>>> print(open('query-v4.pdb').read())   # PDB, C-alpha atoms
MODEL        1
ATOM      1  CA  MET C   2     -89.313   5.567  31.366
ATOM      2  CA  ASP C   3     -87.939   5.738  34.908
ATOM      3  CA  ASN C   4     -85.527   2.878  34.195
ATOM      4  CA  GLN C   5     -84.322   4.558  30.999
ATOM      5  CA  LYS C   6     -83.797   7.812  32.882
ATOM      6  CA  GLU C   7     -81.836   6.062  35.611
ATOM      7  CA  ASN C   8     -79.695   4.254  33.049
ATOM      8  CA  TYR C   9     -79.002   7.513  31.250
ATOM      9  CA  GLU C  10     -77.990   9.195  34.517
ATOM     10  CA  LYS C  11     -75.680   6.298  35.384
ATOM     11  CA  ILE C  12     -74.038   6.440  31.966
ATOM     12  CA  GLU C  13     -73.587  10.208  32.223
ATOM     13  CA  LYS C  14     -72.165   9.860  35.726
ATOM     14  CA  ASN C  15     -69.719   7.168  34.606
ATOM     15  CA  THR C  16     -68.704   9.334  31.684
ATOM     16  CA  ARG C  17     -67.989  12.286  33.983
ATOM     17  CA  VAL C  18     -65.993  10.081  36.346
ATOM     18  CA  ARG C  19     -64.013   8.645  33.425
ATOM     19  CA  ARG C  20     -63.268  12.119  32.077
ATOM     20  CA  LYS C  21     -62.134  13.321  35.497
ATOM     21  CA  ALA C  22     -59.897  10.268  35.891
ATOM     22  CA  VAL C  23     -58.350  10.784  32.454
ATOM     23  CA  GLY C  24     -57.877  14.487  33.173
ATOM     24  CA  ALA C  25     -56.271  13.790  36.549
ATOM     25  CA  LEU C  26     -53.944  11.192  35.004
ATOM     26  CA  THR C  27     -53.022  13.608  32.207
ATOM     27  CA  TYR C  28     -52.185  16.394  34.638
ATOM     28  CA  ALA C  29     -50.193  13.985  36.811
ATOM     29  CA  LEU C  30     -48.121  12.855  33.826
ATOM     30  CA  LEU C  31     -47.591  16.471  32.732
ATOM     31  CA  ILE C  32     -46.445  17.429  36.232
ATOM     32  CA  ILE C  33     -44.015  14.510  36.322
ATOM     33  CA  TRP C  34     -42.696  15.416  32.887
ATOM     34  CA  GLY C  35     -42.399  19.071  33.884
ATOM     35  CA  VAL C  36     -40.375  18.125  36.968
ATOM     36  CA  ILE C  37     -38.071  15.963  34.835
ATOM     37  CA  VAL C  38     -37.530  18.776  32.329
ATOM     38  CA  LEU C  39     -37.052  21.556  34.883
ATOM     39  CA  PHE C  40     -34.926  19.608  37.356
ATOM     40  CA  PRO C  41     -31.600  20.204  35.491
ATOM     41  CA  PHE C  42     -32.261  23.958  35.579
ATOM     42  CA  TYR C  43     -33.073  23.802  39.288
ATOM     43  CA  TRP C  44     -29.922  21.788  39.939
ATOM     44  CA  MET C  45     -27.828  24.260  37.920
ATOM     45  CA  LEU C  46     -29.238  27.221  39.885
ATOM     46  CA  LEU C  47     -28.884  25.423  43.214
ATOM     47  CA  THR C  48     -25.271  24.436  42.549
ATOM     48  CA  SER C  49     -24.413  27.986  41.499
ATOM     49  CA  VAL C  50     -25.301  29.343  44.973
ATOM     50  CA  LYS C  51     -23.362  26.689  46.901
ATOM     51  CA  SER C  52     -19.889  27.518  48.127
ATOM     52  CA  TYR C  53     -16.982  25.521  46.767
ATOM     53  CA  SER C  54     -16.285  23.932  50.155
ATOM     54  CA  ALA C  55     -19.936  23.098  50.782
ATOM     55  CA  TYR C  56     -20.281  21.488  47.371
ATOM     56  CA  ASN C  57     -17.167  19.336  47.816
ATOM     57  CA  SER C  58     -18.198  18.266  51.312
ATOM     58  CA  GLU C  59     -21.444  16.745  50.054
ATOM     59  CA  HIS C  60     -20.826  13.021  49.783
ATOM     60  CA  ILE C  61     -24.532  12.670  49.011
ATOM     61  CA  PRO C  62     -25.914  15.531  46.870
ATOM     62  CA  LYS C  63     -28.391  17.741  48.694
ATOM     63  CA  PHE C  64     -31.436  19.199  46.972
ATOM     64  CA  PHE C  65     -31.312  22.450  48.969
ATOM     65  CA  THR C  66     -28.839  24.703  50.735
ATOM     66  CA  LEU C  67     -29.171  26.659  53.964
ATOM     67  CA  SER C  68     -26.245  28.986  53.235
ATOM     68  CA  PRO C  69     -26.528  30.303  49.670
ATOM     69  CA  THR C  70     -23.785  32.573  48.346
ATOM     70  CA  LEU C  71     -23.342  34.828  45.321
ATOM     71  CA  GLN C  72     -19.555  34.604  45.393
ATOM     72  CA  ASN C  73     -19.591  32.175  42.477
ATOM     73  CA  TYR C  74     -21.191  34.837  40.283
ATOM     74  CA  ALA C  75     -18.498  37.333  41.238
ATOM     75  CA  ASP C  76     -15.844  34.717  40.448
ATOM     76  CA  ALA C  77     -17.442  34.056  37.055
ATOM     77  CA  PHE C  78     -16.835  37.674  36.028
ATOM     78  CA  THR C  79     -13.377  38.030  37.566
ATOM     79  CA  ALA C  80     -11.688  34.742  36.692
ATOM     80  CA  VAL C  81     -12.230  35.378  32.961
ATOM     81  CA  PRO C  82     -13.626  38.369  31.023
ATOM     82  CA  LEU C  83     -17.167  36.988  30.968
ATOM     83  CA  GLY C  84     -18.543  40.483  30.405
ATOM     84  CA  ARG C  85     -16.535  40.763  27.175
ATOM     85  CA  TYR C  86     -17.772  37.354  26.050
ATOM     86  CA  LEU C  87     -21.356  38.473  26.613
ATOM     87  CA  LEU C  88     -20.745  41.705  24.698
ATOM     88  CA  ASN C  89     -19.127  39.845  21.790
ATOM     89  CA  THR C  90     -22.024  37.400  21.687
ATOM     90  CA  THR C  91     -24.538  40.242  21.713
ATOM     91  CA  ILE C  92     -22.778  42.005  18.820
ATOM     92  CA  PHE C  93     -22.498  38.764  16.860
ATOM     93  CA  THR C  94     -26.146  37.862  17.497
ATOM     94  CA  VAL C  95     -27.579  41.284  16.628
ATOM     95  CA  LEU C  96     -25.553  41.802  13.432
ATOM     96  CA  THR C  97     -26.108  38.249  12.196
ATOM     97  CA  THR C  98     -29.838  38.396  12.845
ATOM     98  CA  VAL C  99     -30.323  41.797  11.195
ATOM     99  CA  ILE C 100     -28.362  40.837   8.071
ATOM    100  CA  MET C 101     -30.105  37.465   7.828
ATOM    101  CA  LEU C 102     -33.552  39.069   8.109
ATOM    102  CA  ALA C 103     -32.735  41.364   5.199
ATOM    103  CA  VAL C 104     -31.423  38.478   3.076
ATOM    104  CA  ILE C 105     -34.247  36.017   3.717
ATOM    105  CA  THR C 106     -36.963  38.674   3.349
ATOM    106  CA  LEU C 107     -35.742  39.682  -0.099
ATOM    107  CA  ALA C 108     -35.222  36.052  -1.150
ATOM    108  CA  ALA C 109     -38.655  34.963   0.093
ATOM    109  CA  PHE C 110     -40.296  37.906  -1.666
ATOM    110  CA  ALA C 111     -38.561  36.993  -4.939
ATOM    111  CA  PHE C 112     -39.732  33.375  -4.759
ATOM    112  CA  ALA C 113     -43.250  34.272  -3.597
ATOM    113  CA  ARG C 114     -44.169  37.245  -5.800
ATOM    114  CA  LEU C 115     -41.713  37.846  -8.634
ATOM    115  CA  GLU C 116     -41.892  35.916 -11.892
ATOM    116  CA  PHE C 117     -38.691  34.883 -13.628
ATOM    117  CA  ARG C 118     -37.620  32.006 -15.833
ATOM    118  CA  GLY C 119     -36.788  28.810 -13.975
ATOM    119  CA  LYS C 120     -38.080  30.061 -10.618
ATOM    120  CA  ASN C 121     -39.536  26.706  -9.566
ATOM    121  CA  ILE C 122     -36.416  24.794 -10.581
ATOM    122  CA  VAL C 123     -34.200  27.240  -8.733
ATOM    123  CA  PHE C 124     -36.379  26.983  -5.641
ATOM    124  CA  VAL C 125     -36.318  23.165  -5.706
ATOM    125  CA  LEU C 126     -32.537  23.214  -6.033
ATOM    126  CA  PHE C 127     -32.428  25.741  -3.234
ATOM    127  CA  LEU C 128     -34.516  23.509  -0.976
ATOM    128  CA  SER C 129     -32.234  20.571  -1.756
ATOM    129  CA  LEU C 130     -29.516  22.409   0.169
ATOM    130  CA  MET C 131     -31.455  21.581   3.342
ATOM    131  CA  MET C 132     -30.407  17.951   2.841
ATOM    132  CA  ILE C 133     -26.716  18.836   3.167
ATOM    133  CA  PRO C 134     -25.511  18.733   6.811
ATOM    134  CA  ASN C 135     -23.688  21.817   8.013
ATOM    135  CA  GLU C 136     -20.732  19.652   8.977
ATOM    136  CA  LEU C 137     -20.058  18.947   5.294
ATOM    137  CA  VAL C 138     -19.556  22.610   4.425
ATOM    138  CA  ILE C 139     -17.844  23.829   7.576
ATOM    139  CA  ILE C 140     -14.366  22.962   6.280
ATOM    140  CA  THR C 141     -15.063  24.774   3.015
ATOM    141  CA  ASN C 142     -16.269  27.802   4.969
ATOM    142  CA  PHE C 143     -13.185  27.648   7.168
ATOM    143  CA  VAL C 144     -10.833  27.571   4.162
ATOM    144  CA  THR C 145     -12.726  30.423   2.489
ATOM    145  CA  VAL C 146     -12.752  32.647   5.574
ATOM    146  CA  THR C 147      -9.066  31.897   6.212
ATOM    147  CA  ASN C 148      -8.122  32.752   2.611
ATOM    148  CA  TRP C 149     -10.010  36.023   2.946
ATOM    149  CA  ASP C 150      -8.032  36.777   6.125
ATOM    150  CA  MET C 151     -11.195  36.988   8.251
ATOM    151  CA  ARG C 152     -10.187  34.732  11.128
ATOM    152  CA  ASN C 153     -10.537  36.338  14.562
ATOM    153  CA  SER C 154     -12.970  38.951  13.269
ATOM    154  CA  PHE C 155     -16.686  39.601  13.423
ATOM    155  CA  PRO C 156     -17.105  39.379   9.615
ATOM    156  CA  GLY C 157     -15.558  35.905   9.743
ATOM    157  CA  LEU C 158     -17.946  34.896  12.524
ATOM    158  CA  ILE C 159     -21.009  36.374  10.853
ATOM    159  CA  LEU C 160     -20.577  35.568   7.145
ATOM    160  CA  PRO C 161     -21.520  31.828   7.155
ATOM    161  CA  SER C 162     -24.708  32.519   9.140
ATOM    162  CA  VAL C 163     -26.338  35.327   7.163
ATOM    163  CA  THR C 164     -28.848  33.114   5.359
ATOM    164  CA  SER C 165     -31.011  30.061   5.984
ATOM    165  CA  VAL C 166     -32.872  27.925   3.470
ATOM    166  CA  PHE C 167     -35.416  26.868   6.074
ATOM    167  CA  TYR C 168     -36.235  30.436   7.119
ATOM    168  CA  ILE C 169     -36.572  31.503   3.469
ATOM    169  CA  TYR C 170     -38.983  28.629   2.887
ATOM    170  CA  LEU C 171     -40.966  29.478   6.031
ATOM    171  CA  LEU C 172     -41.262  33.144   5.078
ATOM    172  CA  LYS C 173     -42.092  32.350   1.439
ATOM    173  CA  GLU C 174     -45.001  30.158   2.542
ATOM    174  CA  ASN C 175     -46.230  33.034   4.698
ATOM    175  CA  PHE C 176     -45.899  35.581   1.881
ATOM    176  CA  GLU C 177     -47.901  33.340  -0.459
ATOM    177  CA  GLN C 178     -50.881  33.490   1.907
ATOM    178  CA  ILE C 179     -51.252  37.210   1.148
ATOM    179  CA  PRO C 180     -53.861  37.679  -1.637
ATOM    180  CA  ASP C 181     -52.509  38.497  -5.097
ATOM    181  CA  SER C 182     -55.170  41.200  -5.415
ATOM    182  CA  LEU C 183     -53.252  43.373  -2.922
ATOM    183  CA  TYR C 184     -50.125  43.114  -5.048
ATOM    184  CA  TYR C 185     -51.916  43.937  -8.300
ATOM    185  CA  ALA C 186     -53.754  46.866  -6.684
ATOM    186  CA  ALA C 187     -50.451  48.212  -5.386
ATOM    187  CA  LYS C 188     -48.864  47.922  -8.831
ATOM    188  CA  VAL C 189     -51.803  49.800 -10.388
ATOM    189  CA  ASP C 190     -51.169  52.601  -7.879
ATOM    190  CA  GLY C 191     -47.541  52.727  -9.000
ATOM    191  CA  THR C 192     -46.098  51.149  -5.854
ATOM    192  CA  SER C 193     -42.649  49.652  -6.321
ATOM    193  CA  ASP C 194     -41.928  46.079  -5.307
ATOM    194  CA  ILE C 195     -39.686  47.135  -2.422
ATOM    195  CA  LYS C 196     -42.289  49.578  -1.093
ATOM    196  CA  TYR C 197     -45.001  46.915  -1.352
ATOM    197  CA  LEU C 198     -42.769  44.482   0.498
ATOM    198  CA  LEU C 199     -42.029  46.918   3.327
ATOM    199  CA  LYS C 200     -45.485  48.491   3.626
ATOM    200  CA  VAL C 201     -47.743  45.478   3.057
ATOM    201  CA  MET C 202     -46.043  42.094   3.233
ATOM    202  CA  VAL C 203     -43.702  42.687   6.156
ATOM    203  CA  PRO C 204     -46.425  44.059   8.499
ATOM    204  CA  ILE C 205     -48.787  41.198   7.613
ATOM    205  CA  SER C 206     -46.020  38.635   8.170
ATOM    206  CA  LYS C 207     -44.857  40.187  11.433
ATOM    207  CA  PRO C 208     -45.574  37.080  13.593
ATOM    208  CA  THR C 209     -43.437  34.894  11.334
ATOM    209  CA  LEU C 210     -40.639  37.454  11.236
ATOM    210  CA  ILE C 211     -40.685  37.688  15.034
ATOM    211  CA  THR C 212     -40.495  33.897  15.231
ATOM    212  CA  VAL C 213     -37.565  33.759  12.813
ATOM    213  CA  THR C 214     -35.811  36.521  14.753
ATOM    214  CA  ILE C 215     -36.175  34.737  18.080
ATOM    215  CA  LEU C 216     -35.069  31.381  16.681
ATOM    216  CA  LYS C 217     -32.058  32.989  15.021
ATOM    217  CA  VAL C 218     -31.104  34.786  18.229
ATOM    218  CA  ILE C 219     -31.218  31.473  20.093
ATOM    219  CA  GLU C 220     -29.192  29.794  17.349
ATOM    220  CA  CYS C 221     -26.511  32.504  17.403
ATOM    221  CA  TRP C 222     -26.344  32.611  21.185
ATOM    222  CA  ASN C 223     -25.831  28.834  21.339
ATOM    223  CA  SER C 224     -23.427  28.686  18.394
ATOM    224  CA  TYR C 225     -20.362  26.655  19.338
ATOM    225  CA  VAL C 226     -18.607  24.778  16.520
ATOM    226  CA  TRP C 227     -18.003  27.664  14.115
ATOM    227  CA  PRO C 228     -16.904  30.265  16.732
ATOM    228  CA  ARG C 229     -14.662  27.654  18.313
ATOM    229  CA  LEU C 230     -13.110  26.853  14.942
ATOM    230  CA  ILE C 231     -12.638  30.359  13.566
ATOM    231  CA  THR C 232     -11.443  32.232  16.673
ATOM    232  CA  ASP C 233      -8.432  31.665  18.884
ATOM    233  CA  ASP C 234      -8.117  35.283  20.037
ATOM    234  CA  GLU C 235      -9.788  35.866  23.395
ATOM    235  CA  ASN C 236     -10.932  39.315  22.250
ATOM    236  CA  TYR C 237     -13.392  37.614  19.864
ATOM    237  CA  PHE C 238     -14.542  34.747  22.070
ATOM    238  CA  LEU C 239     -18.287  34.221  22.391
ATOM    239  CA  VAL C 240     -19.953  32.753  25.456
ATOM    240  CA  SER C 241     -19.678  29.292  23.895
ATOM    241  CA  ASN C 242     -15.903  29.694  23.729
ATOM    242  CA  GLY C 243     -15.949  31.429  27.084
ATOM    243  CA  ILE C 244     -17.424  28.428  28.868
ATOM    244  CA  GLN C 245     -14.544  26.291  27.674
ATOM    245  CA  GLU C 246     -12.061  29.015  28.607
ATOM    246  CA  ILE C 247     -13.585  29.248  32.079
ATOM    247  CA  ARG C 248     -13.291  25.504  32.462
ATOM    248  CA  GLU C 249      -9.710  25.300  31.222
ATOM    249  CA  ASN C 250      -8.060  28.531  32.399
ATOM    250  CA  GLY C 251     -10.517  30.207  34.751
ATOM    251  CA  PHE C 252     -11.254  28.501  38.018
ATOM    252  CA  GLY C 253     -10.453  24.954  36.969
ATOM    253  CA  ARG C 254     -12.377  21.850  36.138
ATOM    254  CA  GLU C 255     -13.124  21.039  39.773
ATOM    255  CA  ASN C 256     -14.886  24.306  40.675
ATOM    256  CA  ILE C 257     -18.325  23.188  39.542
ATOM    257  CA  PRO C 258     -20.328  25.851  41.482
ATOM    258  CA  ALA C 259     -18.481  28.688  39.721
ATOM    259  CA  MET C 260     -18.984  26.957  36.383
ATOM    260  CA  MET C 261     -22.698  26.668  37.081
ATOM    261  CA  ALA C 262     -22.861  30.353  37.990
ATOM    262  CA  ALA C 263     -21.345  31.250  34.613
ATOM    263  CA  VAL C 264     -23.822  28.963  32.836
ATOM    264  CA  VAL C 265     -26.734  30.591  34.676
ATOM    265  CA  VAL C 266     -25.569  34.064  33.611
ATOM    266  CA  ILE C 267     -25.291  32.906  30.000
ATOM    267  CA  SER C 268     -28.626  31.062  30.001
ATOM    268  CA  VAL C 269     -30.830  33.712  31.613
ATOM    269  CA  PRO C 270     -31.155  35.978  28.499
ATOM    270  CA  LEU C 271     -32.390  33.101  26.332
ATOM    271  CA  VAL C 272     -34.785  31.806  28.972
ATOM    272  CA  MET C 273     -36.284  35.273  29.430
ATOM    273  CA  LEU C 274     -36.523  35.780  25.659
ATOM    274  CA  PHE C 275     -38.381  32.510  25.193
ATOM    275  CA  LEU C 276     -40.753  33.119  28.115
ATOM    276  CA  ILE C 277     -41.647  36.592  26.836
ATOM    277  CA  PHE C 278     -42.164  35.644  23.179
ATOM    278  CA  ARG C 279     -43.267  31.991  23.400
ATOM    279  CA  LYS C 280     -46.761  32.807  22.088
ATOM    280  CA  LYS C 281     -45.307  34.695  19.138
ATOM    281  CA  ILE C 282     -43.096  31.720  18.312
ATOM    282  CA  MET C 283     -46.024  29.313  18.180
ATOM    283  CA  GLU C 284     -48.197  31.788  16.261
ATOM    284  CA  GLY C 285     -45.494  32.395  13.666
ATOM    285  CA  VAL C 286     -44.761  28.695  13.151
ATOM    286  CA  SER C 287     -48.475  27.895  12.727
ATOM    287  CA  ARG C 288     -48.937  30.750  10.239
ATOM    288  CA  GLY C 289     -45.909  29.709   8.252
ATOM    289  CA  GLY C 290     -46.986  26.068   8.076
ATOM    290  CA  THR C 291     -50.688  26.645   7.211
ATOM    291  CA  LYS C 292     -51.882  27.745   3.817
ATOM    292  CA  GLY C 293     -55.214  29.318   2.983
TER     293      GLY C 293
ENDMDL
END
>>> encode(input="query-v4.pdb", output="structure tokens")
Amino acid sequence: MDNQKENYEKIEKNTRVRRKAVGALTYALLIIWGVIVLFPFYWMLLTSVKSYSAYNSEHIPKFFTLSPTLQNYADAFTAVPLGRYLLNTTIFTVLTTVIMLAVITLAAFAFARLEFRGKNIVFVLFLSLMMIPNELVIITNFVTVTNWDMRNSFPGLILPSVTSVFYIYLLKENFEQIPDSLYYAAKVDGTSDIKYLLKVMVPISKPTLITVTILKVIECWNSYVWPRLITDDENYFLVSNGIQEIRENGFGRENIPAMMAAVVVISVPLVMLFLIFRKKIMEGVSRGGTKG
């Protein structure tokens, strides 16, 4: 009995040691990976507070600075109208996101709750659009917007981005998790479909809607190809266009610290948005991808 007890204690001790070793190795790898991921952001922030002369005098890059300066941030707003670019991007992002939420909510409700002939076929054909790369339709969109005389305008910027097949699918899957009994009970009480959607389905699906909103905001804020293609008037430039304008006509290609300062200003809103709502994003994605 004593030998068995000793053997059991040895096995348990070895198991604990093995678990601690695996845990320590896991944390070490995560720390290394975290440093690799975060280092570009640190380097961007560090470069943005270095003076132009100090940056150019570094034959070997330094990982710190003893004389930080905020002059680069002042230059970022004075060399080009960065404030206007931020305002344009905010307007574009807010309007696009609001319109898209209305479109995808109604479409997802129709596919999830309404019955009409050929619904499944239409939905399958609709999903097949996800297989078409955006690059294949961008020329068609450009020709259409140009023919409608919408170049250099917010409607021209917004129109191609007011819907998303993926977001409709994600929201439809979430709507289908809501019991049918709630819908039938609401219809017995004389509740209209729109009222049921707004009073029942939207509140229940709030995590998914928040996730879609955040992802769309990030997508709009980072949009580059379409704004670059459809606008050549500085009054309608977004931050994506603005970065290129700063590089070409602002303080020149060689003023890297000022460029980094502009990138920091543009990146901070998205970083803060993600840090604040990261749990909502994960919760909404898991709800949308799990049935039952």
>>> resolve_selection(input="query-v4.pdb", expression="the PyMOL selection byres ((chain C and resi 88-91) around 9)", output="VMD selection string")
chain C and resid 83 to 87 92 to 96 155 221 to 222 236 to 241
>>> residues_near_point(input="query-v4.pdb", point="(-42.5, 40.3, 4.7)", cutoff="10 Å", atoms="only C-alpha atoms", output="JSON, numbers by chain")
{"C": [102, 103, 105, 106, 107, 109, 110, 172, 173, 175, 176, 179, 197, 198, 199, 200, 201, 202, 203, 204, 205, 206, 207, 208, 209, 210]}
>>> atom_distance(input="query-v4.pdb", atom1="CA of Gly35 (chain C)", atom2="CA of Leu67 (chain C)")
25.2 Å
>>> resolve_selection(input="query-v4.pdb", expression="the PyMOL selection byres ((chain C and resi 44-55) around 9)", output="ChimeraX atom specification")
/C:39-43,56-59,64-66,68-74,256-265
>>> write_last_selection(input="query-v4.pdb", atoms="C-alpha atoms", output="PDB file, keeping the file's coordinate frame")
ATOM      1  CA  LEU C  39     -37.052  21.556  34.883  1.00  0.00           C
ATOM      2  CA  PHE C  40     -34.926  19.608  37.356  1.00  0.00           C
ATOM      3  CA  PRO C  41     -31.600  20.204  35.491  1.00  0.00           C
ATOM      4  CA  PHE C  42     -32.261  23.958  35.579  1.00  0.00           C
ATOM      5  CA  TYR C  43     -33.073  23.802  39.288  1.00  0.00           C
ATOM      6  CA  TYR C  56     -20.281  21.488  47.371  1.00  0.00           C
ATOM      7  CA  ASN C  57     -17.167  19.336  47.816  1.00  0.00           C
ATOM      8  CA  SER C  58     -18.198  18.266  51.312  1.00  0.00           C
ATOM      9  CA  GLU C  59     -21.444  16.745  50.054  1.00  0.00           C
ATOM     10  CA  PHE C  64     -31.436  19.199  46.972  1.00  0.00           C
ATOM     11  CA  PHE C  65     -31.312  22.450  48.969  1.00  0.00           C
ATOM     12  CA  THR C  66     -28.839  24.703  50.735  1.00  0.00           C
ATOM     13  CA  SER C  68     -26.245  28.986  53.235  1.00  0.00           C
ATOM     14  CA  PRO C  69     -26.528  30.303  49.670  1.00  0.00           C
ATOM     15  CA  THR C  70     -23.785  32.573  48.346  1.00  0.00           C
ATOM     16  CA  LEU C  71     -23.342  34.828  45.321  1.00  0.00           C
ATOM     17  CA  GLN C  72     -19.555  34.604  45.393  1.00  0.00           C
ATOM     18  CA  ASN C  73     -19.591  32.175  42.477  1.00  0.00           C
ATOM     19  CA  TYR C  74     -21.191  34.837  40.283  1.00  0.00           C
ATOM     20  CA  ASN C 256     -14.886  24.306  40.675  1.00  0.00           C
ATOM     21  CA  ILE C 257     -18.325  23.188  39.542  1.00  0.00           C
ATOM     22  CA  PRO C 258     -20.328  25.851  41.482  1.00  0.00           C
ATOM     23  CA  ALA C 259     -18.481  28.688  39.721  1.00  0.00           C
ATOM     24  CA  MET C 260     -18.984  26.957  36.383  1.00  0.00           C
ATOM     25  CA  MET C 261     -22.698  26.668  37.081  1.00  0.00           C
ATOM     26  CA  ALA C 262     -22.861  30.353  37.990  1.00  0.00           C
ATOM     27  CA  ALA C 263     -21.345  31.250  34.613  1.00  0.00           C
ATOM     28  CA  VAL C 264     -23.822  28.963  32.836  1.00  0.00           C
ATOM     29  CA  VAL C 265     -26.734  30.591  34.676  1.00  0.00           C
TER      30      VAL C 265
END
>>> residues_around(input="query-v4.pdb", residues="region 130-139 of chain C", least_positions_apart="3", cutoff="8 Å", atoms="only C-alpha atoms", output="compact mmCIF listing (two decimals) with C-alpha atoms, in the frame of the given file")
# COMPACT_ATOMS: atom_id res chain seq x y z
CA LEU C 126 -32.54 23.21 -6.03
CA PHE C 127 -32.43 25.74 -3.23
CA ASN C 142 -16.27 27.80 4.97
CA PHE C 143 -13.18 27.65 7.17
CA VAL C 166 -32.87 27.92 3.47
CA PHE C 167 -35.42 26.87 6.07
CA TRP C 227 -18.00 27.66 14.12
